[in-house]
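Asker: Before I ask anything, let me first share the structure, which is written out below as structure tokens.
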Amino acid sequence: MEQELAIEAKYQALCGRLDEATLRLWAATEARSLGRGGVTLVAKATGLSRTTIHAGLSELNAPVSTGEQGVQPERER
């Protein structure tokens with residue numbers, strides 16, 4: 001219960017500041033750090049679906065693509 005409340009507090013602090021993709025990655029990172037049962041706990045604490053968190057985990061496990069100059073595409077100017 002204590003972990004759930006801590007995750008919920010973090011989510012409330014971040015949900016208005018992060019876009020959907022970044023929030024999904026944060027939730028996946030939280031779930032991964034908790035190990036077994038983490039996805040369920042994060043889903044319960046945040047209201048995000050387990051499918052969304054699993055999608056974030058897949059994104060975290062995927063290789064990061066970089067632009068021609070080694071800069072991540074979303075960071076190019």
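Each chain in the structure tokens gets a letter, A, B and so on, in the order shown; residues start at 1 in every chain, and ligands are counted from 1 in the order they appear.
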Neighbours of Thr46 (chain A) within 8 Å (only C-alpha atoms; same-chain residues fewer than 4 positions away dropped), as a count of residues only?

Answerer: 4

Asker: Tell me which protein, DNA and RNA residues are within 6 Å of region 24-28 of chain A, counting only C-alpha atoms, leaving out same-chain ones fewer than 2 positions away, and put them as a list in words.

Answerer: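 Neighbouring residues, sequence-local ones excluded: Ala21, Thr22, Glu30, Ala31, Ile53, Gly56 and Leu57 of chain A.
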
Asker: Which residue is closest to Gly38 (chain A)? Choose from A:Thr66, A:Ala55, A:Glu4, A:Ala9 and count only C-alpha atoms.

Answerer: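 Closest to Gly38 (chain A), using only C-alpha atoms: A:Glu4.
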
Asker: Report as a PyMOL selection string: the residues of chain A with a DSSP assignment of alpha helix (DSSP H), based on the backbone of this structure.

Answerer: chain A and resi 2-14+20-34+38-46+50-61

Asker: Could the residues in this selection be written to a file with N, CA and C atoms, as a compact mmCIF listing (two decimals), in the first residue's frame?

Answerer:
```txt
# COMPACT_ATOMS: atom_id res chain seq x y z
N GLU A 2 1.96 1.21 0.74
CA GLU A 2 2.85 2.37 0.82
C GLU A 2 3.48 2.66 -0.54
N GLN A 3 3.89 1.60 -1.25
CA GLN A 3 4.47 1.78 -2.59
C GLN A 3 3.44 2.37 -3.53
N GLU A 4 2.22 1.89 -3.44
CA GLU A 4 1.16 2.39 -4.31
C GLU A 4 0.92 3.88 -4.09
N LEU A 5 0.91 4.31 -2.85
CA LEU A 5 0.72 5.73 -2.54
C LEU A 5 1.87 6.57 -3.04
N ALA A 6 3.09 6.05 -2.93
CA ALA A 6 4.27 6.77 -3.41
C ALA A 6 4.21 6.93 -4.93
N ILE A 7 3.83 5.87 -5.62
CA ILE A 7 3.71 5.93 -7.08
C ILE A 7 2.61 6.90 -7.49
N GLU A 8 1.49 6.84 -6.79
CA GLU A 8 0.39 7.75 -7.09
C GLU A 8 0.81 9.20 -6.90
N ALA A 9 1.57 9.49 -5.86
CA ALA A 9 2.04 10.86 -5.62
C ALA A 9 2.98 11.32 -6.74
N LYS A 10 3.87 10.44 -7.18
CA LYS A 10 4.76 10.78 -8.29
C LYS A 10 3.95 11.05 -9.56
N TYR A 11 2.98 10.18 -9.82
CA TYR A 11 2.15 10.33 -11.01
C TYR A 11 1.41 11.67 -10.98
N GLN A 12 0.84 12.02 -9.86
CA GLN A 12 0.10 13.28 -9.74
C GLN A 12 1.02 14.48 -9.98
N ALA A 13 2.26 14.37 -9.54
CA ALA A 13 3.22 15.46 -9.73
C ALA A 13 3.64 15.60 -11.19
N LEU A 14 3.65 14.49 -11.93
CA LEU A 14 4.15 14.50 -13.30
C LEU A 14 3.08 14.57 -14.38
N GLU A 20 2.12 12.33 -23.26
CA GLU A 20 1.66 10.95 -23.12
C GLU A 20 2.81 9.94 -23.27
N ALA A 21 3.67 10.15 -24.24
CA ALA A 21 4.77 9.21 -24.49
C ALA A 21 5.76 9.18 -23.32
N THR A 22 6.10 10.34 -22.80
CA THR A 22 7.04 10.41 -21.69
C THR A 22 6.44 9.82 -20.42
N LEU A 23 5.17 10.07 -20.21
CA LEU A 23 4.48 9.52 -19.05
C LEU A 23 4.43 7.99 -19.12
N ARG A 24 4.21 7.48 -20.32
CA ARG A 24 4.20 6.02 -20.53
C ARG A 24 5.57 5.42 -20.21
N LEU A 25 6.63 6.10 -20.64
CA LEU A 25 7.99 5.61 -20.35
C LEU A 25 8.29 5.69 -18.86
N TRP A 26 7.84 6.75 -18.20
CA TRP A 26 8.04 6.86 -16.75
C TRP A 26 7.34 5.71 -16.03
N ALA A 27 6.08 5.45 -16.42
CA ALA A 27 5.32 4.38 -15.78
C ALA A 27 6.01 3.03 -15.99
N ALA A 28 6.52 2.81 -17.19
CA ALA A 28 7.23 1.56 -17.48
C ALA A 28 8.50 1.44 -16.65
N THR A 29 9.20 2.54 -16.47
CA THR A 29 10.42 2.52 -15.65
C THR A 29 10.09 2.20 -14.20
N GLU A 30 9.02 2.79 -13.70
CA GLU A 30 8.57 2.50 -12.34
C GLU A 30 8.23 1.01 -12.21
N ALA A 31 7.48 0.49 -13.17
CA ALA A 31 7.06 -0.92 -13.12
C ALA A 31 8.27 -1.84 -13.18
N ARG A 32 9.22 -1.53 -14.04
CA ARG A 32 10.41 -2.36 -14.17
C ARG A 32 11.23 -2.35 -12.88
N SER A 33 11.31 -1.21 -12.23
CA SER A 33 12.09 -1.11 -11.00
C SER A 33 11.48 -1.93 -9.86
N LEU A 34 10.17 -2.17 -9.93
CA LEU A 34 9.48 -2.93 -8.89
C LEU A 34 9.58 -4.44 -9.09
N GLY A 38 5.03 -5.35 -10.77
CA GLY A 38 5.19 -3.91 -10.92
C GLY A 38 4.19 -3.28 -11.88
N VAL A 39 3.92 -3.96 -12.98
CA VAL A 39 2.98 -3.42 -13.96
C VAL A 39 1.60 -3.26 -13.32
N THR A 40 1.17 -4.27 -12.62
CA THR A 40 -0.14 -4.23 -11.97
C THR A 40 -0.20 -3.12 -10.91
N LEU A 41 0.85 -3.01 -10.12
CA LEU A 41 0.88 -1.98 -9.07
C LEU A 41 0.86 -0.58 -9.66
N VAL A 42 1.66 -0.34 -10.69
CA VAL A 42 1.69 0.98 -11.32
C VAL A 42 0.35 1.28 -11.98
N ALA A 43 -0.25 0.29 -12.63
CA ALA A 43 -1.56 0.49 -13.25
C ALA A 43 -2.60 0.87 -12.20
N LYS A 44 -2.58 0.18 -11.09
CA LYS A 44 -3.54 0.46 -10.02
C LYS A 44 -3.33 1.86 -9.43
N ALA A 45 -2.06 2.25 -9.25
CA ALA A 45 -1.75 3.53 -8.63
C ALA A 45 -2.01 4.72 -9.54
N THR A 46 -1.86 4.52 -10.86
CA THR A 46 -1.96 5.64 -11.79
C THR A 46 -3.25 5.68 -12.58
N ARG A 50 -2.70 -1.58 -18.11
CA ARG A 50 -1.55 -2.48 -18.15
C ARG A 50 -0.98 -2.54 -19.57
N THR A 51 -1.85 -2.45 -20.56
CA THR A 51 -1.41 -2.45 -21.95
C THR A 51 -0.51 -1.25 -22.24
N THR A 52 -0.87 -0.10 -21.72
CA THR A 52 -0.06 1.11 -21.90
C THR A 52 1.31 0.94 -21.26
N ILE A 53 1.34 0.39 -20.07
CA ILE A 53 2.61 0.19 -19.37
C ILE A 53 3.46 -0.84 -20.10
N HIS A 54 2.84 -1.91 -20.60
CA HIS A 54 3.58 -2.90 -21.37
C HIS A 54 4.13 -2.29 -22.66
N ALA A 55 3.38 -1.39 -23.27
CA ALA A 55 3.89 -0.70 -24.47
C ALA A 55 5.12 0.13 -24.11
N GLY A 56 5.08 0.78 -22.96
CA GLY A 56 6.24 1.54 -22.50
C GLY A 56 7.44 0.65 -22.25
N LEU A 57 7.22 -0.53 -21.68
CA LEU A 57 8.31 -1.47 -21.46
C LEU A 57 8.92 -1.91 -22.78
N SER A 58 8.09 -2.14 -23.78
CA SER A 58 8.59 -2.51 -25.10
C SER A 58 9.43 -1.39 -25.69
N GLU A 59 8.98 -0.16 -25.52
CA GLU A 59 9.74 0.99 -26.01
C GLU A 59 11.08 1.11 -25.30
N LEU A 60 11.09 0.86 -24.01
CA LEU A 60 12.35 0.93 -23.26
C LEU A 60 13.34 -0.14 -23.71
N ASN A 61 12.83 -1.29 -24.12
CA ASN A 61 13.68 -2.40 -24.55
C ASN A 61 14.14 -2.26 -25.99
```
